[in-house]
Amino acid sequence: MFIKPRMRLAPDDTKFRFMNGRIAGLVVSAILSTASVVLFFTPGLNLGIDFSGGIVMEVRTDGPADFAKIRGALAEEHIPDQGVQRFGDASTVLIRLPTQPTEAGTQVAVSKVRSALESSVQGAKIVRVDAVGASVSSELFRNGLYALGISLLMILAYIWFRFEWQFAIGAVATLILDVTKAIGFLALTRIEFDLVMVAAILTILGYSTNDKVVVYDRVRENLRKYKTMPLRDLIDLSINETLNRTLGTSMTVFLASLPLALFGGASISGFAWVMLFGIVVGTSSSIFIAAPILLFLGEKRLRRDTVAIGAPETGTAPRF
Amino acid sequence: MMYFSRLKAAAILGVCLLGLLVSLPNVLPSPASWMPWRAVHLGLDLKGGSYLLMEVDMKAVIKERLDGLVDGIRQALRPGAIFYQTLEAQPDQNRVVLRLRDPGKIDAALAALKPLVQQEGSNGTPDLEIANTLDGTITLTLSPVALHARASAAVQQSIEIVRRRIDETGVVDPQITQQGDSRIVVQLPGIEDPNRIKQLLGKTAHMTFRLVDEAANAKSGTAPPPGVEFLQLEDERGGKIAVRKRVDVDGADLTDARAGTDSQTGQWVVNFKFNSNGARRFADITRANVGHRFAIVLDDKVISAPVIREPITGGSGQISGGFTANTANDLAVLLRAGALPAPLTVVEERTIGPELGADSIRAGAISLLAGFLLVIAFMGFFYGLFGWFANLCLVVNLVLMLALMSLLEATLTLPGMAGILLTLGMAVDANILINERIREEQRRGRPPLAALEHGFQRAYATIFDSNAATFLSHVMLFVFGSGPVKGFAVTITIGIATSMFTAWMLTRLLVSRWYLAVRPRLLPV
């Protein structure tokens, strides 16, 4: 274990014909992404208060929480709640209140819940209060979308600059498909969509880009090396050559995120689950989506130099 | 590629040692006060505390300026006997509209209004645009430059006042910063219930001393005459009281305010002192109005309206108004700290108790350790010796990240901890790329040294491209993210930078020294 590797994730010199599955890959991806878009509209995302506005209070009680008593205490003070639910362990309760009509009303509502609980539920302790006004929540949402959009543009520009436009379009189209699936996953699992989830989606974006660039980098290298190989075989070869790396890196990121999902605590495990999902999607999309798109876009253009067999070895190869 | 001069090797190891040194403050207490001892800050979500995002009410700022302008216009037109039909502030359009009774006097009116235009900013742009029509309507509009200058002055001033008020409450290490054009972030470590602070910050505490209009007061319930308004009286009598709009002495002229008890009645009072300007005006007013009532107005409510028994020339006075020890103290704090230029409203609050923060740290630390061990085991198992090189680099990477974060005095948040974990997973990616490439080169029949040379060189281009793209997207996250998410972006960005150093420099150095020592005929990749 200390000198020689014990094991390989994939054998060397695999000769999988990945591009044979290109249609299947694209169709499956299109179906999943379409389903995700549908899920995005019905039932929609479970918006956290960062984006919906409102108040969330986390309360800890001595021993298992008595939900009826908490609801009663709130009803007595005429506080309309939007849900009193268990959060993590049995003695932790999450109370949600809707957005108040005015910003000042928010503060009043928080104080009312505080006093209602402290007077009628023995040993209840408010350990967290998040109150987000309506104006702030829409701003946070807008900023989140900006971050997402501008990230995609930066990636597009960078890959265009370093590779060719076919690579850039292939990568960004794949990334958009990845992101829609992550959103579908969020809608399906009802994991709360908040600012931290924007971070998770951007991380998936970063990881997935990383993965695509590695495959593309090998395609670029092989394009220069094998001047006459059809693009389809060349992409298959590149994916096979980088297979161990692709699997290795997704394994390490997966292993690093797994404990976070299992023991990270209620507020961060959602993030980790989305990450785990994103790793699987991002890794498979490098092979089954990004590469086929490159094949479709580049079949004529990236191989235009093959027409003149015996052309000089330099000159028309993609720039590096 | 595989050759390192002594100097270069020493430099690489030096960076690692320096990193270790710089990250020490995170685990050791400061040995001496003169030593720079920078450690990573824990975010409020980890150590507990309260985060308040407050919005400065810009409409109020504008309205105040326009109301002042209306007063100024009234006084400017009086000497020339220029009469008007209407004089009205329109805050929504940032302007005051004046309609003259006699359109022929428009030139005289314009001349009289000229002194009201103030210069704004360093380049002296006028803050008002005056326009008129032939039928005798004059509009005075605040210029955009003036609006902007007023807004930023109001935020700056609010930050100062907020800081003074919070300092009075004894909160340790509060952070008060501007965000955007009109917002203030207040971070209060260790505060579990920010209610008292919100109450303190929720008052503008603008205090004025004005005369009571007894004639109008008798006719309460009717519309007040011009220049007079009915205000709520807060003392035990209650009801409304007619107060002149004209401010005789302003609270801005106070130099001190202390809570105390009155020696005769034993009631809680607030004792105050004026500066020389305030003292002079206070003396003048009280001398001229003995026997009249003088209203002490705080935020459009009359705290009390005592009768002036004798001229007060000493520049100090006392407010009584049914205070308790707490309310008297709070009022004294507010008066000492000064008035806010405009009301503040809390638009976002995040309060986290210390026990929840401690739980998060524990959960984060456990996941971090577990994830770290899993990655290390994976690398050792799948890449053998070269995997252990990568693991050593991973440890150094963690130390360097900590060092950089300490130097930047970055804030570690819960998402930031997740970021570190992800970075660990991604940091070994560079090593995986290198190892796979070396293996490939060797399988193509290159001898060990050439395989290493080519492996590192070819992998480098890939590592650079793949990391640059990730780097760019996280910089965006930092620019557009807020709060904890920013912390996440910081850790990932730093992690990418350090992992490129460890993979490219340290791994190569380790491998090259190992190769020179062992000279293997076949690389164990």
# chains A, B, ... in the order shown; residues from 1 in each chain; ligands from 1
call {"tool": "interface_residues", "arguments": {"of": "chain B", "to": "chain A", "cutoff": "6 Å", "atoms": "only C-alpha atoms", "output": "PyMOL selection string"}}
result
chain B and resi 347-353+363-364+367+371+375+381-385+425+429+466+469-470+473+476-477+480+524
call {"tool": "write_last_selection", "arguments": {"atoms": "N, CA and C atoms", "output": "CSV table (one decimal), in the first residue's frame"}}
result
chain,number,residue,atom,x,y,z
B,347,VAL,N,-33.7,45.4,8.0
B,347,VAL,CA,-34.3,44.7,6.8
B,347,VAL,C,-33.8,43.2,6.8
B,348,GLU,N,-32.8,42.9,7.6
B,348,GLU,CA,-32.4,41.5,7.7
B,348,GLU,C,-31.8,41.2,9.0
B,349,GLU,N,-32.2,40.2,9.7
B,349,GLU,CA,-31.6,39.8,11.0
B,349,GLU,C,-31.2,38.4,11.0
B,350,ARG,N,-30.0,38.1,11.5
B,350,ARG,CA,-29.6,36.7,11.6
B,350,ARG,C,-29.0,36.6,13.0
B,351,THR,N,-29.6,35.8,13.9
B,351,THR,CA,-29.0,35.7,15.2
B,351,THR,C,-28.8,34.2,15.5
B,352,ILE,N,-27.6,33.9,15.9
B,352,ILE,CA,-27.3,32.5,16.2
B,352,ILE,C,-26.8,32.4,17.6
B,353,GLY,N,-27.4,31.5,18.4
B,353,GLY,CA,-26.9,31.3,19.8
B,353,GLY,C,-25.6,30.6,19.8
B,363,ALA,N,-19.7,19.6,14.3
B,363,ALA,CA,-20.1,18.8,13.2
B,363,ALA,C,-19.2,19.0,12.0
B,364,GLY,N,-18.8,20.3,11.8
B,364,GLY,CA,-17.9,20.6,10.7
B,364,GLY,C,-16.5,19.9,10.9
B,367,SER,N,-16.8,16.2,10.2
B,367,SER,CA,-16.8,15.9,8.8
B,367,SER,C,-15.5,16.2,8.1
B,371,GLY,N,-13.6,13.3,6.2
B,371,GLY,CA,-13.4,13.5,4.7
B,371,GLY,C,-11.9,13.5,4.4
B,375,VAL,N,-10.0,10.7,2.0
B,375,VAL,CA,-9.2,11.1,0.8
B,375,VAL,C,-7.8,10.5,0.9
B,381,PHE,N,-4.2,4.2,-1.3
B,381,PHE,CA,-4.6,2.9,-1.8
B,381,PHE,C,-4.5,2.8,-3.4
B,382,PHE,N,-4.9,3.9,-4.0
B,382,PHE,CA,-4.9,3.8,-5.5
B,382,PHE,C,-3.7,4.4,-6.2
B,383,TYR,N,-2.8,5.1,-5.5
B,383,TYR,CA,-1.7,5.6,-6.1
B,383,TYR,C,-0.3,5.3,-5.4
B,384,GLY,N,-0.4,4.5,-4.3
B,384,GLY,CA,0.8,4.1,-3.7
B,384,GLY,C,1.7,5.2,-3.3
B,385,LEU,N,3.0,5.1,-3.5
B,385,LEU,CA,4.0,6.1,-3.1
B,385,LEU,C,3.6,7.5,-3.6
B,425,GLY,N,-10.8,17.7,-1.5
B,425,GLY,CA,-11.1,16.8,-2.6
B,425,GLY,C,-10.6,17.2,-3.9
B,429,ASP,N,-6.8,16.5,-7.1
B,429,ASP,CA,-7.0,16.4,-8.5
B,429,ASP,C,-5.7,16.6,-9.3
B,466,SER,N,-7.8,23.8,-16.1
B,466,SER,CA,-9.0,23.4,-15.4
B,466,SER,C,-9.2,24.2,-14.1
B,469,ALA,N,-10.5,28.0,-14.9
B,469,ALA,CA,-11.9,28.1,-15.1
B,469,ALA,C,-12.7,28.1,-13.8
B,470,THR,N,-12.3,27.2,-12.8
B,470,THR,CA,-13.0,27.1,-11.5
B,470,THR,C,-12.7,28.4,-10.7
B,473,SER,N,-14.9,31.3,-11.8
B,473,SER,CA,-16.3,31.2,-11.4
B,473,SER,C,-16.5,31.5,-9.9
B,476,MET,N,-16.4,35.3,-9.1
B,476,MET,CA,-17.8,35.8,-9.3
B,476,MET,C,-18.6,35.6,-8.1
B,477,LEU,N,-18.5,34.5,-7.5
B,477,LEU,CA,-19.3,34.2,-6.3
B,477,LEU,C,-18.9,35.1,-5.2
B,480,PHE,N,-20.5,38.7,-6.1
B,480,PHE,CA,-21.9,38.8,-6.0
B,480,PHE,C,-22.5,38.1,-4.8
B,524,PRO,N,6.9,3.4,-9.6
B,524,PRO,CA,5.7,2.6,-9.0
B,524,PRO,C,4.4,3.4,-9.2
call {"tool": "residues_around", "arguments": {"residues": "Ala116 (chain A)", "least_positions_apart": "2", "cutoff": "10 Å", "atoms": "only C-alpha atoms", "output": "ChimeraX atom specification"}}
result
/A:70,72-77,79,110-114,118-121
call {"tool": "residues_around", "arguments": {"residues": "Ile95 (chain A)", "least_positions_apart": "2", "cutoff": "8 Å", "atoms": "only C-alpha atoms", "output": "count of residues only"}}
result
11
call {"tool": "atom_distance", "arguments": {"atom1": "CA of Phe296 (chain A)", "atom2": "CA of Ala182 (chain A)"}}
result
25.0 Å
call {"tool": "select_by_dssp", "arguments": {"residues": "region 102-170 of chain B", "states": "alpha helix (DSSP H)", "output": "PyMOL selection string"}}
result
chain B and resi 106-113+144-169
call {"tool": "write_last_selection", "arguments": {"atoms": "N, CA and C atoms", "output": "short mmCIF file (atom, residue, chain, number, x, y, z; two decimals), in the first residue's frame"}}
result
data_model
loop_
_atom_site.label_atom_id
_atom_site.label_comp_id
_atom_site.auth_asym_id
_atom_site.auth_seq_id
_atom_site.Cartn_x
_atom_site.Cartn_y
_atom_site.Cartn_z
N ILE B 106 -42.03 87.78 -10.20
CA ILE B 106 -41.22 86.57 -10.31
C ILE B 106 -39.72 86.86 -10.22
N ASP B 107 -39.30 87.99 -10.81
CA ASP B 107 -37.87 88.30 -10.77
C ASP B 107 -37.42 88.61 -9.35
N ALA B 108 -38.24 89.34 -8.64
CA ALA B 108 -37.91 89.66 -7.25
C ALA B 108 -37.82 88.38 -6.43
N ALA B 109 -38.77 87.44 -6.71
CA ALA B 109 -38.78 86.18 -5.96
C ALA B 109 -37.52 85.38 -6.26
N LEU B 110 -37.15 85.31 -7.55
CA LEU B 110 -35.96 84.53 -7.92
C LEU B 110 -34.73 85.11 -7.23
N ALA B 111 -34.66 86.43 -7.18
CA ALA B 111 -33.51 87.08 -6.54
C ALA B 111 -33.48 86.74 -5.05
N ALA B 112 -34.67 86.72 -4.44
CA ALA B 112 -34.72 86.45 -3.01
C ALA B 112 -34.34 84.99 -2.71
N LEU B 113 -34.66 84.09 -3.67
CA LEU B 113 -34.41 82.66 -3.43
C LEU B 113 -32.95 82.27 -3.68
N PRO B 144 -29.31 65.66 -8.92
CA PRO B 144 -28.88 64.29 -8.64
C PRO B 144 -27.57 64.24 -7.85
N VAL B 145 -26.67 65.15 -8.17
CA VAL B 145 -25.40 65.20 -7.43
C VAL B 145 -25.67 65.46 -5.96
N ALA B 146 -26.56 66.39 -5.70
CA ALA B 146 -26.88 66.73 -4.32
C ALA B 146 -27.54 65.55 -3.62
N LEU B 147 -28.42 64.85 -4.34
CA LEU B 147 -29.10 63.70 -3.74
C LEU B 147 -28.08 62.65 -3.34
N HIS B 148 -27.15 62.38 -4.25
CA HIS B 148 -26.15 61.36 -3.97
C HIS B 148 -25.27 61.77 -2.80
N ALA B 149 -24.84 63.02 -2.80
CA ALA B 149 -23.97 63.50 -1.73
C ALA B 149 -24.68 63.41 -0.39
N ARG B 150 -25.97 63.80 -0.40
CA ARG B 150 -26.73 63.75 0.85
C ARG B 150 -26.87 62.31 1.34
N ALA B 151 -27.16 61.40 0.40
CA ALA B 151 -27.33 60.01 0.77
C ALA B 151 -26.06 59.46 1.40
N SER B 152 -24.91 59.70 0.75
CA SER B 152 -23.70 59.09 1.30
C SER B 152 -23.31 59.77 2.60
N ALA B 153 -23.57 61.08 2.71
CA ALA B 153 -23.29 61.75 3.99
C ALA B 153 -24.17 61.16 5.08
N ALA B 154 -25.44 60.90 4.74
CA ALA B 154 -26.37 60.37 5.74
C ALA B 154 -25.92 58.99 6.21
N VAL B 155 -25.44 58.14 5.27
CA VAL B 155 -25.00 56.80 5.67
C VAL B 155 -23.75 56.90 6.54
N GLN B 156 -22.81 57.73 6.11
CA GLN B 156 -21.58 57.88 6.89
C GLN B 156 -21.88 58.34 8.32
N GLN B 157 -22.75 59.34 8.38
CA GLN B 157 -23.09 59.88 9.69
C GLN B 157 -23.83 58.84 10.52
N SER B 158 -24.71 58.09 9.89
CA SER B 158 -25.45 57.06 10.61
C SER B 158 -24.50 56.02 11.18
N ILE B 159 -23.49 55.62 10.39
CA ILE B 159 -22.54 54.62 10.86
C ILE B 159 -21.86 55.12 12.13
N GLU B 160 -21.47 56.39 12.10
CA GLU B 160 -20.79 56.98 13.25
C GLU B 160 -21.70 56.94 14.49
N ILE B 161 -22.95 57.38 14.29
CA ILE B 161 -23.88 57.43 15.43
C ILE B 161 -24.18 56.01 15.94
N VAL B 162 -24.37 55.07 14.99
CA VAL B 162 -24.65 53.68 15.38
C VAL B 162 -23.49 53.15 16.20
N ARG B 163 -22.26 53.44 15.75
CA ARG B 163 -21.10 52.95 16.48
C ARG B 163 -21.09 53.50 17.90
N ARG B 164 -21.36 54.81 18.03
CA ARG B 164 -21.33 55.42 19.36
C ARG B 164 -22.40 54.80 20.26
N ARG B 165 -23.58 54.57 19.70
CA ARG B 165 -24.65 54.01 20.53
C ARG B 165 -24.30 52.59 20.96
N ILE B 166 -23.74 51.80 20.04
CA ILE B 166 -23.44 50.42 20.40
C ILE B 166 -22.29 50.37 21.39
N ASP B 167 -21.32 51.25 21.21
CA ASP B 167 -20.21 51.28 22.16
C ASP B 167 -20.70 51.52 23.59
N GLU B 168 -21.77 52.32 23.71
CA GLU B 168 -22.30 52.60 25.03
C GLU B 168 -22.88 51.35 25.69
N THR B 169 -23.30 50.37 24.88
CA THR B 169 -23.94 49.20 25.46
C THR B 169 -22.94 48.16 25.92
#
call {"tool": "residues_around", "arguments": {"residues": "Asp178 (chain A)", "least_positions_apart": "3", "cutoff": "9 Å", "atoms": "only C-alpha atoms", "output": "PyMOL selection string"}}
result
chain A and resi 29+33+173-175+181-183+204-205+208+278+281-282+285
call {"tool": "closest_residue", "arguments": {"among": "A:Ala124, A:Leu247, A:Leu45, A:Val274", "to": "Ile201 (chain A)", "atoms": "only C-alpha atoms"}}
result
A:Val274
call {"tool": "select_by_dssp", "arguments": {"residues": "region 74-258 of chain B", "states": "strand (DSSP E)", "output": "ChimeraX atom specification"}}
result
/B:84-90,95-100,119-120,125-126,128-132,137-142,175-179,183-189,207-211,228-233,240-244,249-250,254-258
call {"tool": "residues_around", "arguments": {"residues": "Leu231 (chain A)", "least_positions_apart": "2", "cutoff": "10 Å", "atoms": "only C-alpha atoms", "output": "ChimeraX atom specification"}}
result
/A:219,222-223,226-229,233-237,294-296,298-300,302-303
call {"tool": "residues_around", "arguments": {"residues": "Met19 (chain A)", "least_positions_apart": "2", "cutoff": "10 Å", "atoms": "only C-alpha atoms", "output": "list in words"}}
result
Phe16, Arg17, Gly21, Arg22, Ile23, Ala24, Gly25, Arg232, Asp233, Leu234, Ile235, Asp236, Ile239, Ile287, Phe288, Ile289, Ala291, Pro292 and Leu295 of chain A
call {"tool": "atom_distance", "arguments": {"atom1": "CA of Ile184 (chain B)", "atom2": "CA of Asp92 (chain B)"}}
result
23.6 Å
call {"tool": "atom_distance", "arguments": {"atom1": "CA of Val40 (chain B)", "atom2": "CA of Leu18 (chain B)"}}
result
16.2 Å
